[in-house]
Each structure stands twice: as C-alpha cells, then as structure tokens.
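Input: a single structure, listed below in structure tokens.
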Amino acid sequence: MKVGIVQFPGTNCEYDTQYAFEKLGAETSILWHEDATVAEDLDLIVIAGGFSYGDYLRSGAIASKSPIMKAVKAHAQAGKKVLGICNGFQVLTETHMLPGALKRNEHLHFISKHHNLKVASNSNSFLEKFDNSDVVNIPIAHHDGNYFIDDAGLEALYTNDQVLLQYCDAQGNIQNPNGSVDSIAGICNKEKNVFGLMPHPERAMEEVLGSADGIKMLEGLM
Amino acid sequence: MTAIINISLKNGVLDSQGKAVHHALDSLHFEKVDDVRIGRQIVLKLSENDETKAREEVTKMCEDLLANTVIEDYDIELVK
C-alpha cells in the first residue's frame, strides 16, 4: 500500500498523516505542490490539513489551481483513491472533485475540539469497517467548515449514499457545530473513490492523545 | 481599462458576517437597517482596451478562480 501526501506552502498535518498511515503499515511519501505528475504506483493520495498558499481569496482556492492537483485529478480519474482532510476537503470542493463548498463557520469562530461524528453511510471503502449510525470521536480544527450545497445537490448526495459523516453528540443525536447543511462533516464523490471530511482522523490515532477512533477510519482505505 | 469585480454570497446562502455586522449596527441603535450583506471587491488594471474582449476575459477569470459559483455571484464593472 503506497500513500502519497500532498504538501502545499502552509500544510501542517502532512507529518501527522504520514505517522498515521505508517502506523497502519503503509509506505508513504510527501508530494510537493509544484509537481504536475506523481508515481503511478500510488494507491492513495491524501491532501492533508492545515493551510495552502495562505488561503487567500478562499480556503483552498489557489491550491486548487496548483500543478499537483492535475496529478491528483488524473489519479482519481484512473479510479484510484483520494482523501482530503480539512483544508484538503476545501481543496477538493474548489477543484469540483467533490460537490458543494465550505463557508466560514456560522458563528464566525475558529473551532478546535474533539467532536462526535455519526457514520451516515458505510457503503464505501472509507467507512466500510463501521456500521451505519456508529459514533466516533475525532478532533475538528477549522474556520471554514460550514458545508454548503443547494437542495438539488443535497438530494443527489443522499440518493447516491454520498453523505458519509454528520456531527452529533455522544448518543448520535445530530449536533451542529459550524452551520453545515444537515450537519454534514464528510462526503464522497458519486464514484466513491474521492473522500473529503473536515475532522482530522490522523489526530485520533493514539488513546493517550484523546482518541484512537481514526485508526478504524483510515484502515478502511488500506 | 479597470475592471471592478464585486463578489457576494448568492441569495439564499446565509451570510454570517453580514448577520454579525447587522447585529452590531443594531446595538449602536442604527435601527433602520433591514439587511446586511458583505462581499469582496477585486479591482483589476487591464492592458486590454476593448470592452467586449475585456468582459469576456474577466468573466473567465471569475468563473475559473475569483468567484466560487457554488456559493457566490459576481458582477463586473468596466471603467475606462
């Protein structure tokens, strides 16, 4: 299993992501944003969290036009997997590899805390190790995590089982920290090989750091 | 030629910043404000002097990068 992790100027979760996938037994490499091609034998490309190009204009907007994203698109078009975490999710919506957009949090605050998430659909490789409605605890840390999609787009997401994760309380009742439509925390594309989520599973790999629920999540991609 | 681009959230997309500013205006007793929408203005100095070509080019810039048309509308004003 070979995992490439994209690094933009401002990315700050690439080494946590590397730690997470190496813990799961993957061979990892860091991919530089100026490279327009990547090794053909990569199984998964992760766009890690943090920032990208200062997030000027909109979060992920300038990164979406970078050379590496051409390679990421080609990788996805070949049917291989892509995961975008936090800023990576923003980049994937800005490239239109995932539908919708991520707006400023409803109450305008940066939110950094552990949050419970409910598995909305396990009919995809990312969450196949879970049962629907399972609750996991994963940290969130974002300013622009307010997921927006119009009504027609939302209906399409549900029709195709593309809503993956929703923010909830410990009992699984919907709880919305940032104003996201239907409390959506993560989605995938129609083909179910491109995944995006605002929470950070790579920061939930050790019980001593508060949660190890990220292990089961990332294992799905292995 | 100068292009003045105004970008704002589409109608129906909640403008949290606008709401917060509206609330602040209320607390300063500016009570006749019905709604506040906050956008972004981008001003481009262009070497193009043909208005049709300039509009075509700036529209492409808006669609490709400057606006996220999933949530934002844009308006282009050209000034010679």
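Here, A, B, ... name the chains of the structure tokens in the order displayed, residue numbers run from 1 inside each chain, and ligands are numbered from 1 in the same displayed order.
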Would you kindly report the residues of chain A within 12 Å of chain B, using only C-alpha atoms, as a PyMOL selection string?
-> chain A and resi 56-66+90-91+93-96+98-109+144+146-151+153+178-181
If you keep N, CA and C atoms, can you produce a file of those selected residues as a CSV table (one decimal), in the first residue's frame?
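Written out: result.csv:
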chain,number,residue,atom,x,y,z
A,56,TYR,N,-5.5,32.6,0.7
A,56,TYR,CA,-6.0,33.9,0.2
A,56,TYR,C,-7.2,33.6,-0.8
A,57,LEU,N,-8.0,34.6,-1.0
A,57,LEU,CA,-9.2,34.5,-1.8
A,57,LEU,C,-10.3,33.7,-1.2
A,58,ARG,N,-10.1,32.4,-1.1
A,58,ARG,CA,-11.0,31.5,-0.4
A,58,ARG,C,-10.1,30.3,0.0
A,59,SER,N,-10.5,29.6,1.1
A,59,SER,CA,-9.7,28.4,1.6
A,59,SER,C,-9.6,27.4,0.4
A,60,GLY,N,-8.4,27.0,0.1
A,60,GLY,CA,-8.2,26.0,-0.9
A,60,GLY,C,-8.3,26.5,-2.4
A,61,ALA,N,-8.7,27.8,-2.6
A,61,ALA,CA,-9.0,28.2,-4.0
A,61,ALA,C,-7.7,28.2,-4.8
A,62,ILE,N,-6.7,28.8,-4.3
A,62,ILE,CA,-5.4,28.9,-5.1
A,62,ILE,C,-4.8,27.5,-5.2
A,63,ALA,N,-4.8,26.8,-4.2
A,63,ALA,CA,-4.3,25.4,-4.2
A,63,ALA,C,-4.9,24.6,-5.3
A,64,SER,N,-6.2,24.8,-5.5
A,64,SER,CA,-7.0,24.0,-6.5
A,64,SER,C,-6.4,24.2,-7.9
A,65,LYS,N,-5.7,25.3,-8.1
A,65,LYS,CA,-5.1,25.5,-9.4
A,65,LYS,C,-3.6,25.1,-9.5
A,66,SER,N,-3.1,24.5,-8.5
A,66,SER,CA,-1.7,24.2,-8.5
A,66,SER,C,-1.4,23.0,-9.3
A,90,GLN,N,-11.5,21.2,1.5
A,90,GLN,CA,-11.7,22.5,0.9
A,90,GLN,C,-11.1,22.6,-0.5
A,91,VAL,N,-9.9,22.0,-0.7
A,91,VAL,CA,-9.2,22.0,-2.0
A,91,VAL,C,-10.1,21.1,-2.9
A,93,THR,N,-13.3,20.5,-2.9
A,93,THR,CA,-14.5,21.2,-3.4
A,93,THR,C,-14.2,22.3,-4.4
A,94,GLU,N,-13.1,23.0,-4.1
A,94,GLU,CA,-12.7,24.1,-5.0
A,94,GLU,C,-12.3,23.5,-6.4
A,95,THR,N,-11.8,22.3,-6.5
A,95,THR,CA,-11.4,21.7,-7.8
A,95,THR,C,-12.7,21.0,-8.4
A,96,HIS,N,-13.8,21.0,-7.7
A,96,HIS,CA,-15.0,20.4,-8.1
A,96,HIS,C,-14.9,18.9,-8.2
A,98,LEU,N,-15.3,17.2,-5.6
A,98,LEU,CA,-16.4,16.9,-4.6
A,98,LEU,C,-17.4,18.1,-4.8
A,99,PRO,N,-18.7,17.8,-4.6
A,99,PRO,CA,-19.7,18.8,-4.8
A,99,PRO,C,-19.8,19.7,-3.6
A,100,GLY,N,-20.4,20.9,-3.7
A,100,GLY,CA,-20.6,21.8,-2.6
A,100,GLY,C,-19.5,22.7,-2.4
A,101,ALA,N,-19.5,23.4,-1.2
A,101,ALA,CA,-18.5,24.4,-0.9
A,101,ALA,C,-18.4,24.5,0.6
A,102,LEU,N,-17.2,25.0,1.2
A,102,LEU,CA,-17.1,25.2,2.6
A,102,LEU,C,-17.0,26.6,2.9
A,103,LYS,N,-17.9,27.1,3.7
A,103,LYS,CA,-18.0,28.5,4.0
A,103,LYS,C,-17.5,28.8,5.4
A,104,ARG,N,-17.3,30.0,5.8
A,104,ARG,CA,-16.9,30.4,7.1
A,104,ARG,C,-17.9,29.8,8.1
A,105,ASN,N,-17.5,29.3,9.3
A,105,ASN,CA,-18.3,28.7,10.3
A,105,ASN,C,-19.5,29.7,10.6
A,106,GLU,N,-20.6,29.2,10.9
A,106,GLU,CA,-21.8,30.0,11.1
A,106,GLU,C,-21.6,31.1,12.1
A,107,HIS,N,-20.9,30.8,13.2
A,107,HIS,CA,-20.7,31.8,14.3
A,107,HIS,C,-19.4,32.5,14.2
A,108,LEU,N,-18.7,32.3,13.0
A,108,LEU,CA,-17.5,33.0,12.7
A,108,LEU,C,-16.3,32.7,13.5
A,109,HIS,N,-16.4,31.7,14.4
A,109,HIS,CA,-15.2,31.4,15.3
A,109,HIS,C,-14.5,30.2,14.7
A,144,ASP,N,-13.3,27.5,8.3
A,144,ASP,CA,-14.2,27.4,7.2
A,144,ASP,C,-14.7,25.9,7.0
A,146,ASN,N,-18.1,25.1,7.3
A,146,ASN,CA,-19.6,25.2,7.1
A,146,ASN,C,-20.0,24.7,5.7
A,147,TYR,N,-20.3,23.4,5.7
A,147,TYR,CA,-20.6,22.8,4.3
A,147,TYR,C,-21.9,23.3,3.8
A,148,PHE,N,-21.8,23.8,2.5
A,148,PHE,CA,-23.0,24.2,1.8
A,148,PHE,C,-23.2,23.5,0.5
A,149,ILE,N,-24.4,23.1,0.3
A,149,ILE,CA,-24.8,22.5,-1.1
A,149,ILE,C,-26.2,22.9,-1.3
A,150,ASP,N,-26.6,23.1,-2.5
A,150,ASP,CA,-28.0,23.5,-2.7
A,150,ASP,C,-29.0,22.3,-2.6
A,151,ASP,N,-30.3,22.5,-2.6
A,151,ASP,CA,-31.2,21.5,-2.3
A,151,ASP,C,-31.1,20.3,-3.3
A,153,GLY,N,-28.5,19.4,-5.0
A,153,GLY,CA,-27.2,18.7,-4.8
A,153,GLY,C,-27.3,17.9,-3.6
A,178,ASN,N,-21.0,24.1,13.3
A,178,ASN,CA,-20.5,25.1,12.4
A,178,ASN,C,-21.5,25.6,11.3
A,179,GLY,N,-22.7,25.1,11.4
A,179,GLY,CA,-23.7,25.6,10.4
A,179,GLY,C,-23.8,24.8,9.2
A,180,SER,N,-23.1,23.7,9.1
A,180,SER,CA,-23.1,22.8,7.9
A,180,SER,C,-24.6,22.4,7.5
A,181,VAL,N,-24.9,22.4,6.2
A,181,VAL,CA,-26.2,21.8,5.8
A,181,VAL,C,-26.3,20.4,6.3
Residue set, chain A restricted to helix (DSSP H, G or I), as a ChimeraX atom specification = /A:14-23,53-55,63-65,67-77,87-94,151-159,181-183,201-203,207-209,213-219
For B:Val43, find every residue with an atom within 8 Å (counting only C-alpha atoms), except residues of its own chain fewer than 4 positions away, and show them as a PDB file with C-alpha atoms, in the first residue's frame.
ATOM      1  CA  THR B   2     -10.084  48.927 -14.967  1.00  0.00           C
ATOM      2  CA  ALA B   3     -12.355  46.060 -14.023  1.00  0.00           C
ATOM      3  CA  ILE B   4     -14.186  46.313 -10.720  1.00  0.00           C
ATOM      4  CA  ILE B   5     -15.493  42.935  -9.643  1.00  0.00           C
TER       5      ILE B   5
END
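DSSP annotation of chain B from backbone atoms: strand (DSSP E or B) residues are Thr2, Ala3, Ile4, Ile5, Asn6, Ile7, Ser8, Leu9, Gly39, Arg40, Gln41, Ile42, Val43, Leu44, Lys45, Glu72, Asp73, Tyr74, Asp75, Ile76, Glu77, Leu78 and Val79 of chain B.
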To one decimal place, how far is atom CA of A:Lys73 from atom CA of A:Leu157 in Å?
->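 So the two atoms, atom CA of A:Lys73 and atom CA of A:Leu157, lie 20.5 Å apart.
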Top pick for closest residue to B:Cys62, considering B:Leu46, B:Met1, B:Val21, B:Asp75 and counting only C-alpha atoms |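 Answer, going by the shortest atom-to-atom distance: B:Asp75.
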Would you work out the distance separating atom CA of A:Ala78 from atom CA of A:Asn189, expressed in Å to one decimal?
->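 Those two atoms sit 14.0 Å apart.
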